[in-house]
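**Q** Pasting run15.cif below, which is mmCIF, C-alpha atoms; chains and numbers go by the auth columns.
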```
data_protein
loop_
_atom_site.group_PDB
_atom_site.id
_atom_site.type_symbol
_atom_site.label_atom_id
_atom_site.label_comp_id
_atom_site.label_asym_id
_atom_site.label_seq_id
_atom_site.Cartn_x
_atom_site.Cartn_y
_atom_site.Cartn_z
_atom_site.B_iso_or_equiv
_atom_site.auth_seq_id
_atom_site.auth_asym_id
ATOM 1 C CA CYS A 1 -61.997 10.804 43.235 0.00 23 A
ATOM 2 C CA ILE A 2 -58.766 9.727 41.535 0.00 24 A
ATOM 3 C CA TYR A 3 -56.761 7.519 43.911 0.00 25 A
ATOM 4 C CA TYR A 4 -53.541 7.116 41.940 0.00 26 A
ATOM 5 C CA VAL A 5 -51.781 8.255 38.744 0.00 27 A
ATOM 6 C CA ASN A 6 -48.147 8.052 37.681 0.00 28 A
ATOM 7 C CA HIS A 7 -45.836 10.768 36.348 0.00 29 A
ATOM 8 C CA ALA A 8 -46.637 9.952 32.714 0.00 30 A
ATOM 9 C CA PHE A 9 -50.343 10.525 33.380 0.00 31 A
ATOM 10 C CA ALA A 10 -49.613 13.823 35.103 0.00 32 A
ATOM 11 C CA THR A 11 -47.410 14.953 32.210 0.00 33 A
ATOM 12 C CA ILE A 12 -50.113 14.178 29.645 0.00 34 A
ATOM 13 C CA PHE A 13 -52.484 16.531 31.458 0.00 35 A
ATOM 14 C CA GLY A 14 -49.853 19.209 32.041 0.00 36 A
ATOM 15 C CA TYR A 15 -49.295 18.727 35.789 0.00 37 A
ATOM 16 C CA ASP A 16 -45.877 18.792 37.391 0.00 38 A
ATOM 17 C CA SER A 17 -46.457 15.800 39.648 0.00 39 A
ATOM 18 C CA PRO A 18 -49.045 13.085 40.385 0.00 40 A
ATOM 19 C CA GLU A 19 -49.655 14.686 43.786 0.00 41 A
ATOM 20 C CA GLU A 20 -51.459 17.551 42.062 0.00 42 A
ATOM 21 C CA ILE A 21 -54.069 15.078 40.818 0.00 43 A
ATOM 22 C CA PHE A 22 -54.751 12.062 43.022 0.00 44 A
ATOM 23 C CA GLY A 23 -56.865 12.751 46.061 0.00 45 A
ATOM 24 C CA LYS A 24 -57.658 16.241 44.773 0.00 46 A
ATOM 25 C CA LEU A 25 -59.279 15.865 41.346 0.00 47 A
ATOM 26 C CA GLY A 26 -62.033 13.637 40.055 0.00 48 A
ATOM 27 C CA PRO A 27 -62.223 12.022 36.599 0.00 49 A
ATOM 28 C CA PHE A 28 -64.593 14.679 35.261 0.00 50 A
ATOM 29 C CA ASP A 29 -62.143 17.459 36.142 0.00 51 A
ATOM 30 C CA LEU A 30 -59.936 16.059 33.371 0.00 52 A
ATOM 31 C CA ILE A 31 -62.708 15.428 30.826 0.00 53 A
ATOM 32 C CA HIS A 32 -63.845 18.095 28.386 0.00 54 A
ATOM 33 C CA PRO A 33 -67.442 19.238 29.105 0.00 55 A
ATOM 34 C CA ASP A 34 -68.574 18.038 25.677 0.00 56 A
ATOM 35 C CA ASP A 35 -67.534 14.473 26.510 0.00 57 A
ATOM 36 C CA ARG A 36 -68.605 14.228 30.145 0.00 58 A
ATOM 37 C CA GLU A 37 -72.011 12.719 29.409 0.00 59 A
ATOM 38 C CA TYR A 38 -70.427 10.195 27.046 0.00 60 A
ATOM 39 C CA MET A 39 -67.731 9.257 29.577 0.00 61 A
ATOM 40 C CA SER A 40 -70.307 8.963 32.366 0.00 62 A
ATOM 41 C CA THR A 41 -71.991 6.258 30.299 0.00 63 A
ATOM 42 C CA VAL A 42 -68.643 4.599 29.564 0.00 64 A
ATOM 43 C CA ILE A 43 -67.737 4.511 33.259 0.00 65 A
ATOM 44 C CA GLN A 44 -71.099 2.992 34.183 0.00 66 A
ATOM 45 C CA ARG A 45 -70.693 0.312 31.524 0.00 67 A
ATOM 46 C CA ARG A 46 -67.137 -0.395 32.684 0.00 68 A
ATOM 47 C CA VAL A 47 -68.226 -0.812 36.293 0.00 69 A
ATOM 48 C CA SER A 48 -71.095 -3.119 35.331 0.00 70 A
ATOM 49 C CA GLY A 49 -68.790 -5.241 33.187 0.00 71 A
ATOM 50 C CA GLU A 50 -70.817 -4.552 30.047 0.00 72 A
ATOM 51 C CA LEU A 51 -67.878 -2.790 28.360 0.00 73 A
ATOM 52 C CA LYS A 52 -64.594 -4.656 28.628 0.00 74 A
ATOM 53 C CA ASN A 53 -61.906 -4.626 25.945 0.00 75 A
ATOM 54 C CA GLU A 54 -62.986 -1.653 23.852 0.00 76 A
ATOM 55 C CA PRO A 55 -60.901 1.531 24.370 0.00 77 A
ATOM 56 C CA ALA A 56 -62.756 4.790 24.881 0.00 78 A
ATOM 57 C CA ARG A 57 -61.582 7.861 22.961 0.00 79 A
ATOM 58 C CA TRP A 58 -62.390 11.232 24.480 0.00 80 A
ATOM 59 C CA HIS A 59 -61.198 14.814 24.850 0.00 81 A
ATOM 60 C CA GLY A 60 -59.305 15.723 27.972 0.00 82 A
ATOM 61 C CA LEU A 61 -58.558 19.051 29.624 0.00 83 A
ATOM 62 C CA ARG A 62 -54.971 19.916 30.465 0.00 84 A
ATOM 63 C CA LYS A 63 -54.035 22.107 33.408 0.00 85 A
ATOM 64 C CA ASP A 64 -53.363 25.011 31.014 0.00 86 A
ATOM 65 C CA GLY A 65 -56.849 24.657 29.512 0.00 87 A
ATOM 66 C CA ARG A 66 -55.756 23.070 26.240 0.00 88 A
ATOM 67 C CA THR A 67 -57.794 20.175 24.833 0.00 89 A
ATOM 68 C CA ILE A 68 -56.144 16.847 24.051 0.00 90 A
ATOM 69 C CA THR A 69 -57.437 13.580 22.624 0.00 91 A
ATOM 70 C CA VAL A 70 -56.851 10.457 24.701 0.00 92 A
ATOM 71 C CA GLU A 71 -57.706 6.768 24.663 0.00 93 A
ATOM 72 C CA SER A 72 -58.382 4.911 27.878 0.00 94 A
ATOM 73 C CA LEU A 73 -59.013 1.301 28.814 0.00 95 A
ATOM 74 C CA SER A 74 -60.006 0.213 32.320 0.00 96 A
ATOM 75 C CA THR A 75 -61.432 -2.671 34.266 0.00 97 A
ATOM 76 C CA PRO A 76 -63.333 -2.784 37.597 0.00 98 A
ATOM 77 C CA THR A 77 -61.526 -4.013 40.700 0.00 99 A
ATOM 78 C CA HIS A 78 -61.569 -3.478 44.465 0.00 100 A
ATOM 79 C CA TYR A 79 -59.258 -1.103 46.335 0.00 101 A
ATOM 80 C CA GLU A 80 -59.417 -0.667 50.101 0.00 102 A
ATOM 81 C CA GLY A 81 -62.884 -2.183 50.125 0.00 103 A
ATOM 82 C CA ARG A 82 -64.167 0.052 47.322 0.00 104 A
ATOM 83 C CA LEU A 83 -65.123 -0.744 43.759 0.00 105 A
ATOM 84 C CA VAL A 84 -62.803 1.257 41.496 0.00 106 A
ATOM 85 C CA LEU A 85 -61.618 1.325 37.901 0.00 107 A
ATOM 86 C CA LEU A 86 -58.000 0.405 37.213 0.00 108 A
ATOM 87 C CA GLY A 87 -56.828 1.410 33.766 0.00 109 A
ATOM 88 C CA THR A 88 -54.363 2.883 31.327 0.00 110 A
ATOM 89 C CA LEU A 89 -54.486 6.021 29.205 0.00 111 A
ATOM 90 C CA ARG A 90 -52.503 7.372 26.280 0.00 112 A
ATOM 91 C CA ASP A 91 -52.338 10.683 24.439 0.00 113 A
ATOM 92 C CA VAL A 92 -53.380 10.270 20.780 0.00 114 A
ATOM 93 C CA THR A 93 -53.688 13.968 19.953 0.00 115 A
ATOM 94 C CA GLU A 94 -50.984 13.993 17.256 0.00 116 A
ATOM 95 C CA ARG A 95 -52.271 10.800 15.685 0.00 117 A
ATOM 96 C CA GLU A 96 -55.821 12.148 15.505 0.00 118 A
ATOM 97 C CA SER A 97 -54.622 15.479 14.124 0.00 119 A
ATOM 98 C CA ALA A 98 -52.677 13.671 11.408 0.00 120 A
ATOM 99 C CA ARG A 99 -55.711 11.536 10.584 0.00 121 A
ATOM 100 C CA GLU A 100 -57.951 14.601 10.348 0.00 122 A
ATOM 101 C CA ARG A 101 -55.458 16.371 8.078 0.00 123 A
ATOM 102 C CA LEU A 102 -55.243 13.300 5.837 0.00 124 A
ATOM 103 C CA GLU A 103 -59.025 12.983 5.669 0.00 125 A
ATOM 104 C CA ALA A 104 -59.309 16.677 4.776 0.00 126 A
ATOM 105 C CA VAL A 105 -56.797 16.288 1.925 0.00 127 A
ATOM 106 C CA GLN A 106 -58.527 13.133 0.686 0.00 128 A
ATOM 107 C CA ARG A 107 -61.865 14.912 0.790 0.00 129 A
ATOM 108 C CA ILE A 108 -60.495 17.796 -1.296 0.00 130 A
ATOM 109 C CA TYR A 109 -59.012 15.421 -3.874 0.00 131 A
ATOM 110 C CA ARG A 110 -62.208 13.360 -4.001 0.00 132 A
ATOM 111 C CA GLN A 111 -64.335 16.467 -4.550 0.00 133 A
ATOM 112 C CA ALA A 112 -61.955 17.728 -7.236 0.00 134 A
ATOM 113 C CA ILE A 113 -61.965 14.384 -9.042 0.00 135 A
ATOM 114 C CA GLU A 114 -65.739 14.072 -8.870 0.00 136 A
ATOM 115 C CA ALA A 115 -66.200 17.678 -10.041 0.00 137 A
ATOM 116 C CA ALA A 116 -63.999 16.897 -13.051 0.00 138 A
ATOM 117 C CA GLY A 117 -66.045 13.790 -13.828 0.00 139 A
ATOM 118 C CA ALA A 118 -62.922 11.638 -13.453 0.00 140 A
ATOM 119 C CA VAL A 119 -62.590 8.125 -12.034 0.00 141 A
ATOM 120 C CA PRO A 120 -59.484 7.342 -9.919 0.00 142 A
ATOM 121 C CA TYR A 121 -58.038 3.836 -10.274 0.00 143 A
ATOM 122 C CA ARG A 122 -55.006 1.630 -9.666 0.00 144 A
ATOM 123 C CA LEU A 123 -53.907 -0.968 -12.230 0.00 145 A
ATOM 124 C CA ASP A 124 -51.821 -3.878 -10.920 0.00 146 A
ATOM 125 C CA PHE A 125 -49.344 -4.862 -13.659 0.00 147 A
ATOM 126 C CA THR A 126 -48.947 -8.369 -12.213 0.00 148 A
ATOM 127 C CA THR A 127 -52.604 -9.356 -12.045 0.00 149 A
ATOM 128 C CA GLY A 128 -53.900 -7.024 -14.743 0.00 150 A
ATOM 129 C CA ARG A 129 -56.756 -6.028 -12.471 0.00 151 A
ATOM 130 C CA TYR A 130 -58.047 -2.576 -11.650 0.00 152 A
ATOM 131 C CA GLU A 131 -58.919 -1.196 -8.248 0.00 153 A
ATOM 132 C CA PHE A 132 -61.611 1.479 -8.276 0.00 154 A
ATOM 133 C CA PRO A 133 -62.404 3.308 -4.997 0.00 155 A
ATOM 134 C CA SER A 134 -65.815 4.392 -6.276 0.00 156 A
ATOM 135 C CA GLU A 135 -68.692 3.138 -8.416 0.00 157 A
ATOM 136 C CA LEU A 136 -68.249 5.994 -10.910 0.00 158 A
ATOM 137 C CA ILE A 137 -66.519 3.600 -13.319 0.00 159 A
ATOM 138 C CA CYS A 138 -69.909 1.992 -13.939 0.00 160 A
ATOM 139 C CA ASP A 139 -71.392 5.359 -14.903 0.00 161 A
ATOM 140 C CA LEU A 140 -68.474 5.955 -17.275 0.00 162 A
ATOM 141 C CA THR A 141 -68.250 2.555 -18.988 0.00 163 A
ATOM 142 C CA GLY A 142 -71.369 0.617 -18.037 0.00 164 A
ATOM 143 C CA PHE A 143 -69.169 -2.114 -16.534 0.00 165 A
ATOM 144 C CA SER A 144 -68.640 -2.835 -12.854 0.00 166 A
ATOM 145 C CA ALA A 145 -65.211 -2.761 -11.232 0.00 167 A
ATOM 146 C CA GLU A 146 -65.261 -6.577 -11.054 0.00 168 A
ATOM 147 C CA GLU A 147 -65.847 -6.903 -14.809 0.00 169 A
ATOM 148 C CA LEU A 148 -62.993 -4.632 -15.861 0.00 170 A
ATOM 149 C CA THR A 149 -59.529 -6.121 -16.228 0.00 171 A
ATOM 150 C CA TRP A 150 -56.826 -4.626 -18.427 0.00 172 A
ATOM 151 C CA GLU A 151 -57.291 -7.459 -20.940 0.00 173 A
ATOM 152 C CA PHE A 152 -61.057 -6.952 -21.081 0.00 174 A
ATOM 153 C CA PHE A 153 -60.699 -3.161 -21.234 0.00 175 A
ATOM 154 C CA SER A 154 -58.253 -3.472 -24.140 0.00 176 A
ATOM 155 C CA SER A 155 -60.645 -5.757 -25.998 0.00 177 A
ATOM 156 C CA ARG A 156 -63.209 -2.924 -26.037 0.00 178 A
ATOM 157 C CA VAL A 157 -60.732 -0.381 -27.457 0.00 179 A
ATOM 158 C CA THR A 158 -60.459 0.149 -31.226 0.00 180 A
ATOM 159 C CA GLU A 159 -58.285 3.272 -31.320 0.00 181 A
ATOM 160 C CA ARG A 160 -55.514 4.378 -28.986 0.00 182 A
ATOM 161 C CA ILE A 161 -53.457 7.572 -28.876 0.00 183 A
ATOM 162 C CA THR A 162 -50.662 7.620 -26.281 0.00 184 A
ATOM 163 C CA HIS A 163 -48.916 10.841 -25.283 0.00 185 A
ATOM 164 C CA TYR A 164 -45.500 9.978 -23.870 0.00 186 A
ATOM 165 C CA PRO A 165 -43.368 12.507 -21.982 0.00 187 A
ATOM 166 C CA VAL A 166 -41.577 15.005 -24.203 0.00 188 A
ATOM 167 C CA VAL A 167 -37.815 14.475 -24.475 0.00 189 A
ATOM 168 C CA ASP A 168 -34.922 16.211 -26.233 0.00 190 A
ATOM 169 C CA PRO A 169 -34.934 15.021 -29.896 0.00 191 A
ATOM 170 C CA GLU A 170 -31.127 15.275 -30.080 0.00 192 A
ATOM 171 C CA ARG A 171 -30.726 12.969 -27.103 0.00 193 A
ATOM 172 C CA ALA A 172 -33.415 10.646 -28.465 0.00 194 A
ATOM 173 C CA ALA A 173 -31.618 10.364 -31.807 0.00 195 A
ATOM 174 C CA GLY A 174 -28.517 8.876 -30.226 0.00 196 A
ATOM 175 C CA ILE A 175 -29.863 6.102 -28.006 0.00 197 A
ATOM 176 C CA GLU A 176 -29.214 3.182 -30.371 0.00 198 A
ATOM 177 C CA THR A 177 -27.419 2.751 -33.681 0.00 199 A
ATOM 178 C CA LEU A 178 -30.482 0.994 -35.038 0.00 200 A
ATOM 179 C CA ASP A 179 -32.602 4.067 -34.403 0.00 201 A
ATOM 180 C CA LEU A 180 -30.531 6.079 -36.844 0.00 202 A
ATOM 181 C CA ALA A 181 -32.312 4.268 -39.670 0.00 203 A
ATOM 182 C CA LEU A 182 -35.741 5.261 -38.403 0.00 204 A
ATOM 183 C CA PRO A 183 -37.710 8.434 -39.164 0.00 205 A
ATOM 184 C CA PRO A 184 -37.086 11.148 -36.510 0.00 206 A
ATOM 185 C CA GLU A 185 -40.623 10.937 -35.118 0.00 207 A
ATOM 186 C CA GLU A 186 -40.225 7.173 -34.535 0.00 208 A
ATOM 187 C CA ILE A 187 -36.871 7.681 -32.813 0.00 209 A
ATOM 188 C CA ALA A 188 -38.411 10.198 -30.395 0.00 210 A
ATOM 189 C CA ARG A 189 -41.353 7.872 -29.744 0.00 211 A
ATOM 190 C CA ARG A 190 -39.048 4.956 -28.899 0.00 212 A
ATOM 191 C CA GLU A 191 -37.052 7.089 -26.461 0.00 213 A
ATOM 192 C CA ARG A 192 -40.190 8.355 -24.778 0.00 214 A
ATOM 193 C CA LEU A 193 -41.385 4.789 -24.330 0.00 215 A
ATOM 194 C CA ARG A 194 -37.971 3.706 -23.023 0.00 216 A
ATOM 195 C CA LYS A 195 -37.965 6.516 -20.471 0.00 217 A
ATOM 196 C CA LEU A 196 -41.429 5.521 -19.322 0.00 218 A
ATOM 197 C CA LEU A 197 -40.632 1.835 -18.831 0.00 219 A
ATOM 198 C CA SER A 198 -37.203 2.475 -17.304 0.00 220 A
ATOM 199 C CA GLY A 199 -38.656 4.742 -14.657 0.00 221 A
ATOM 200 C CA GLU A 200 -37.066 7.975 -15.850 0.00 222 A
ATOM 201 C CA ALA A 201 -40.499 9.270 -16.808 0.00 223 A
ATOM 202 C CA ARG A 202 -43.431 8.840 -14.440 0.00 224 A
ATOM 203 C CA LEU A 203 -46.471 10.318 -16.176 0.00 225 A
ATOM 204 C CA TYR A 204 -48.216 9.391 -19.398 0.00 226 A
ATOM 205 C CA ARG A 205 -51.579 10.065 -21.017 0.00 227 A
ATOM 206 C CA SER A 206 -53.589 7.923 -23.406 0.00 228 A
ATOM 207 C CA GLU A 207 -56.822 8.415 -25.279 0.00 229 A
ATOM 208 C CA TYR A 208 -58.999 5.398 -26.022 0.00 230 A
ATOM 209 C CA LYS A 209 -62.006 4.885 -28.273 0.00 231 A
ATOM 210 C CA PHE A 210 -63.940 2.555 -25.988 0.00 232 A
ATOM 211 C CA GLN A 211 -67.182 0.647 -26.482 0.00 233 A
ATOM 212 C CA ARG A 212 -69.445 0.895 -23.455 0.00 234 A
ATOM 213 C CA LYS A 213 -71.548 -2.003 -22.227 0.00 235 A
ATOM 214 C CA ASP A 214 -74.627 -0.486 -23.889 0.00 236 A
ATOM 215 C CA GLY A 215 -72.800 -0.450 -27.243 0.00 237 A
ATOM 216 C CA ARG A 216 -72.131 3.287 -27.420 0.00 238 A
ATOM 217 C CA TRP A 217 -68.654 4.496 -28.353 0.00 239 A
ATOM 218 C CA VAL A 218 -66.897 7.047 -26.159 0.00 240 A
ATOM 219 C CA TRP A 219 -63.429 8.591 -26.025 0.00 241 A
ATOM 220 C CA LEU A 220 -61.702 8.155 -22.651 0.00 242 A
ATOM 221 C CA LEU A 221 -58.660 10.140 -21.507 0.00 243 A
ATOM 222 C CA ASP A 222 -56.389 8.161 -19.187 0.00 244 A
ATOM 223 C CA SER A 223 -53.712 9.987 -17.143 0.00 245 A
ATOM 224 C CA ALA A 224 -51.491 7.750 -15.036 0.00 246 A
ATOM 225 C CA VAL A 225 -48.336 7.748 -12.934 0.00 247 A
ATOM 226 C CA ILE A 226 -46.096 4.682 -12.739 0.00 248 A
ATOM 227 C CA GLU A 227 -45.814 3.084 -9.280 0.00 249 A
ATOM 228 C CA ASP A 228 -42.675 1.137 -8.298 0.00 250 A
ATOM 229 C CA ASP A 229 -42.014 -1.546 -5.692 0.00 251 A
ATOM 230 C CA ALA A 230 -39.190 -1.336 -3.141 0.00 252 A
ATOM 231 C CA SER A 231 -36.635 -2.520 -5.731 0.00 253 A
ATOM 232 C CA GLY A 232 -37.661 0.145 -8.235 0.00 254 A
ATOM 233 C CA LYS A 233 -39.531 -2.236 -10.543 0.00 255 A
ATOM 234 C CA PRO A 234 -42.723 -0.772 -12.089 0.00 256 A
ATOM 235 C CA THR A 235 -45.648 -2.642 -10.573 0.00 257 A
ATOM 236 C CA ALA A 236 -48.758 -0.517 -11.044 0.00 258 A
ATOM 237 C CA SER A 237 -50.178 2.738 -12.301 0.00 259 A
#
```
Do you think you could lay out the structure here as structure tokens?
**A**
Amino acid sequence: CIYYVNHAFATIFGYDSPEEIFGKLGPFDLIHPDDREYMSTVIQRRVSGELKNEPARWHGLRKDGRTITVESLSTPTHYEGRLVLLGTLRDVTERESARERLEAVQRIYRQAIEAAGAVPYRLDFTTGRYEFPSELICDLTGFSAEELTWEFFSSRVTERITHYPVVDPERAAGIETLDLALPPEEIARRERLRKLLSGEARLYRSEYKFQRKDGRWVWLLDSAVIEDDASGKPTAS
């Protein structure tokens, strides 16, 4: 039997007042059938003192029949000569829904990247080190994530083709007086590079002729987006 709840508890479960719950409902009336066996074990471990500071996450049943996700934490104590559990509970339904949506999106992106044979990464411009969320980089290059820094990667490259964002040639031709003495293709290239480093352009692609650890040569296509810090300074890609 539930001896006491406050208005916040009643609201979480869709009841108009605490009086609808305490003295009338038991804990399992508010627990989804799928989680009742699990919560029975949790309650037994709470009472015995085996489970102390670890919150329990479970699915609750609202008055209208809807399912919610809650977290509870309780401790055994005595009330009117009886051993009871005194605890707190919070509704984490929205947080769990957001987490599930994020995991679903990440799963889709991960499957798409793996299906394309690509390797996601993050390059820190300050340290020159890569972060790889998977071991696929080893399959691609023969080197582990720990071995690859930007300096080491560059030392294995003999040819590089960089595709900067396309810009208006007329606008590119007027950026600096000095550029007027350069061939048109060099003027456009300088403006594309300026736009990239200044933050006006975010995406670039490069092709590298790279020597793998086993000595074989491969061409790698690198597509990256510039990442800024809070002040707008490029810090990673």
**Q** Between A:Arg144, A:Lys74, A:Arg151, A:Arg58, single out the one closest to A:Ala246, counting only C-alpha atoms.
**A**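 Result for the nearest residue to A:Ala246: A:Arg144.
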**Q** Please list as a CSV table (one decimal) with C-alpha atoms, in the coordinates of the input every residue within 6 Å of A:Ile24, counting all atoms listed in the file and excluding residues in the same chain fewer than 6 positions away.
**A**
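Here's the written file result28.csv:
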```
chain,number,residue,atom,x,y,z
A,44,PHE,CA,-54.8,12.1,43.0
A,45,GLY,CA,-56.9,12.8,46.1
A,48,GLY,CA,-62.0,13.6,40.1
```
**Q** Measuring atom to atom with only C-alpha atoms, identify which of A:Lys231, A:Arg238, A:Arg79, A:Arg104 is nearest to A:Met61.
**A**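 Counting only C-alpha atoms, the residue closest to A:Met61 is A:Arg79.
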**Q** Enter the distance from atom CA of A:Ser70 to atom CA of A:Thr97, in Å, rounded to one decimal.
**A**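 Between atom CA of A:Ser70 and atom CA of A:Thr97 the gap is 9.7 Å.
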**Q** Apply the PyMOL selection byres ((chain A and resi 157) around 12) to the displayed file and report the matching residues as an mmCIF file with C-alpha atoms, in the frame of the given file.
**A**
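That gives us part-v4.cif:
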```
data_model
loop_
_atom_site.group_PDB
_atom_site.id
_atom_site.type_symbol
_atom_site.label_atom_id
_atom_site.label_comp_id
_atom_site.auth_asym_id
_atom_site.auth_seq_id
_atom_site.Cartn_x
_atom_site.Cartn_y
_atom_site.Cartn_z
ATOM 1 C CA GLU A 136 -65.739 14.072 -8.870
ATOM 2 C CA ALA A 140 -62.922 11.638 -13.453
ATOM 3 C CA VAL A 141 -62.590 8.125 -12.034
ATOM 4 C CA PRO A 142 -59.484 7.342 -9.919
ATOM 5 C CA TYR A 143 -58.038 3.836 -10.274
ATOM 6 C CA GLU A 153 -58.919 -1.196 -8.248
ATOM 7 C CA PHE A 154 -61.611 1.479 -8.276
ATOM 8 C CA PRO A 155 -62.404 3.308 -4.997
ATOM 9 C CA SER A 156 -65.815 4.392 -6.276
ATOM 10 C CA LEU A 158 -68.249 5.994 -10.910
ATOM 11 C CA ILE A 159 -66.519 3.600 -13.319
ATOM 12 C CA CYS A 160 -69.909 1.992 -13.939
ATOM 13 C CA ASP A 161 -71.392 5.359 -14.903
ATOM 14 C CA LEU A 162 -68.474 5.955 -17.275
ATOM 15 C CA THR A 163 -68.250 2.555 -18.988
ATOM 16 C CA GLY A 164 -71.369 0.617 -18.037
ATOM 17 C CA PHE A 165 -69.169 -2.114 -16.534
ATOM 18 C CA SER A 166 -68.640 -2.835 -12.854
ATOM 19 C CA ALA A 167 -65.211 -2.761 -11.232
ATOM 20 C CA GLU A 168 -65.261 -6.577 -11.054
#
```
**Q** With all atoms listed in the file as the atoms that count, which of A:Ser177, A:Gln133, A:Thr171, A:Thr63 lies nearest to A:Phe147?
**A**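 Of A:Ser177, A:Gln133, A:Thr171, A:Thr63, the one nearest A:Phe147 is A:Thr171, counting all atoms listed in the file.
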**Q** Do you have the atom CA of A:Pro55-atom CA of A:Val106 distance handy?
**A**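 Computing the Euclidean distance for atom CA of A:Pro55 and atom CA of A:Val106 yields 22.3 Å.
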**Q** Applying the PyMOL selection byres ((chain A and resi 257) around 12) to the file I just gave you, which residues come out? Please list them as a ChimeraX atom specification.
**A** /A:144-151,219-221,247-256,258-259
**Q** Give me the result of the PyMOL selection byres ((chain A and resi 37) around 12) on this file, residue by residue, as a list in words.
**A**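 Those residues are Val27, Asn28, His29, Ala30, Phe31, Ala32, Thr33, Ile34, Phe35, Gly36, Asp38, Ser39, Pro40, Glu41, Glu42, Ile43, Phe44, Leu47, Leu52, Leu83, Arg84, Lys85, Asp86 and Gly87 of chain A.
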**Q** Include C-alpha atoms and write out the residues we just selected as a PDB file, keeping the file's coordinate frame.
**A**
```
ATOM      1  CA  VAL A  27     -51.781   8.255  38.744  1.00  0.00           C
ATOM      2  CA  ASN A  28     -48.147   8.052  37.681  1.00  0.00           C
ATOM      3  CA  HIS A  29     -45.836  10.768  36.348  1.00  0.00           C
ATOM      4  CA  ALA A  30     -46.637   9.952  32.714  1.00  0.00           C
ATOM      5  CA  PHE A  31     -50.343  10.525  33.380  1.00  0.00           C
ATOM      6  CA  ALA A  32     -49.613  13.823  35.103  1.00  0.00           C
ATOM      7  CA  THR A  33     -47.410  14.953  32.210  1.00  0.00           C
ATOM      8  CA  ILE A  34     -50.113  14.178  29.645  1.00  0.00           C
ATOM      9  CA  PHE A  35     -52.484  16.531  31.458  1.00  0.00           C
ATOM     10  CA  GLY A  36     -49.853  19.209  32.041  1.00  0.00           C
ATOM     11  CA  ASP A  38     -45.877  18.792  37.391  1.00  0.00           C
ATOM     12  CA  SER A  39     -46.457  15.800  39.648  1.00  0.00           C
ATOM     13  CA  PRO A  40     -49.045  13.085  40.385  1.00  0.00           C
ATOM     14  CA  GLU A  41     -49.655  14.686  43.786  1.00  0.00           C
ATOM     15  CA  GLU A  42     -51.459  17.551  42.062  1.00  0.00           C
ATOM     16  CA  ILE A  43     -54.069  15.078  40.818  1.00  0.00           C
ATOM     17  CA  PHE A  44     -54.751  12.062  43.022  1.00  0.00           C
ATOM     18  CA  LEU A  47     -59.279  15.865  41.346  1.00  0.00           C
ATOM     19  CA  LEU A  52     -59.936  16.059  33.371  1.00  0.00           C
ATOM     20  CA  LEU A  83     -58.558  19.051  29.624  1.00  0.00           C
ATOM     21  CA  ARG A  84     -54.971  19.916  30.465  1.00  0.00           C
ATOM     22  CA  LYS A  85     -54.035  22.107  33.408  1.00  0.00           C
ATOM     23  CA  ASP A  86     -53.363  25.011  31.014  1.00  0.00           C
ATOM     24  CA  GLY A  87     -56.849  24.657  29.512  1.00  0.00           C
TER      25      GLY A  87
END
```
**Q** Using only C-alpha atoms, which residue out of A:Leu243, A:Leu108, A:Ile130, A:Leu73 lies closest to A:Tyr26?
**A**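 Closest candidate: A:Leu108.
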**Q** To one decimal in Å, tell me the separation between atom CA of A:Asp57 and atom CA of A:Val92.
**A**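 If I compute the distance from atom CA of A:Asp57 to atom CA of A:Val92, I get 11.6 Å.
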**Q** Please list as a list in words every residue within 10 Å of A:Ser94, counting all atoms listed in the file and excluding residues in the same chain fewer than 6 positions away.
**A**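 Returned residues: Glu76, Pro77, Ala78, Arg79, Trp80, Gly109, Thr110, Leu111, Arg112 and Asp113 of chain A.
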**Q** Within 12 Å of (-61.9, 4.9, -30.8) (coordinates as in the file), grab all the protein and nucleic acid residues, counting all atoms listed in the file, and write them out as an MDAnalysis selection string.
**A** chainID A and resid 176:183 228:234 238:243
**Q** For A:Trp172, which residue out of A:Ile135, A:Leu105, A:Tyr152, A:Thr184 is the nearest one, using all atoms listed in the file?
**A**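 Smallest separation from A:Trp172 among the options: A:Tyr152.
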**Q** How would stretch 239-244 of chain A look written as a PDB file, in the first residue's frame with N, CA, C and O atoms?
**A**
```
ATOM      1  N   TRP A 239      49.928   1.890 -52.249  1.00  0.00           N
ATOM      2  CA  TRP A 239      49.456   3.255 -52.464  1.00  0.00           C
ATOM      3  C   TRP A 239      47.954   3.232 -52.753  1.00  0.00           C
ATOM      4  O   TRP A 239      47.480   2.417 -53.538  1.00  0.00           O
ATOM      5  N   VAL A 240      47.243   4.145 -52.110  1.00  0.00           N
ATOM      6  CA  VAL A 240      45.799   4.260 -52.326  1.00  0.00           C
ATOM      7  C   VAL A 240      45.444   5.734 -52.452  1.00  0.00           C
ATOM      8  O   VAL A 240      46.159   6.611 -51.958  1.00  0.00           O
ATOM      9  N   TRP A 241      44.327   6.004 -53.151  1.00  0.00           N
ATOM     10  CA  TRP A 241      43.796   7.363 -53.213  1.00  0.00           C
ATOM     11  C   TRP A 241      42.663   7.483 -52.208  1.00  0.00           C
ATOM     12  O   TRP A 241      41.740   6.666 -52.180  1.00  0.00           O
ATOM     13  N   LEU A 242      42.743   8.487 -51.332  1.00  0.00           N
ATOM     14  CA  LEU A 242      41.728   8.718 -50.308  1.00  0.00           C
ATOM     15  C   LEU A 242      40.998  10.024 -50.605  1.00  0.00           C
ATOM     16  O   LEU A 242      41.630  11.039 -50.914  1.00  0.00           O
ATOM     17  N   LEU A 243      39.681  10.000 -50.512  1.00  0.00           N
ATOM     18  CA  LEU A 243      38.867  11.206 -50.664  1.00  0.00           C
ATOM     19  C   LEU A 243      38.436  11.680 -49.283  1.00  0.00           C
ATOM     20  O   LEU A 243      37.823  10.943 -48.519  1.00  0.00           O
ATOM     21  N   ASP A 244      38.794  12.913 -48.955  1.00  0.00           N
ATOM     22  CA  ASP A 244      38.507  13.490 -47.647  1.00  0.00           C
ATOM     23  C   ASP A 244      37.490  14.615 -47.815  1.00  0.00           C
ATOM     24  O   ASP A 244      37.755  15.595 -48.507  1.00  0.00           O
TER      25      ASP A 244
END
```
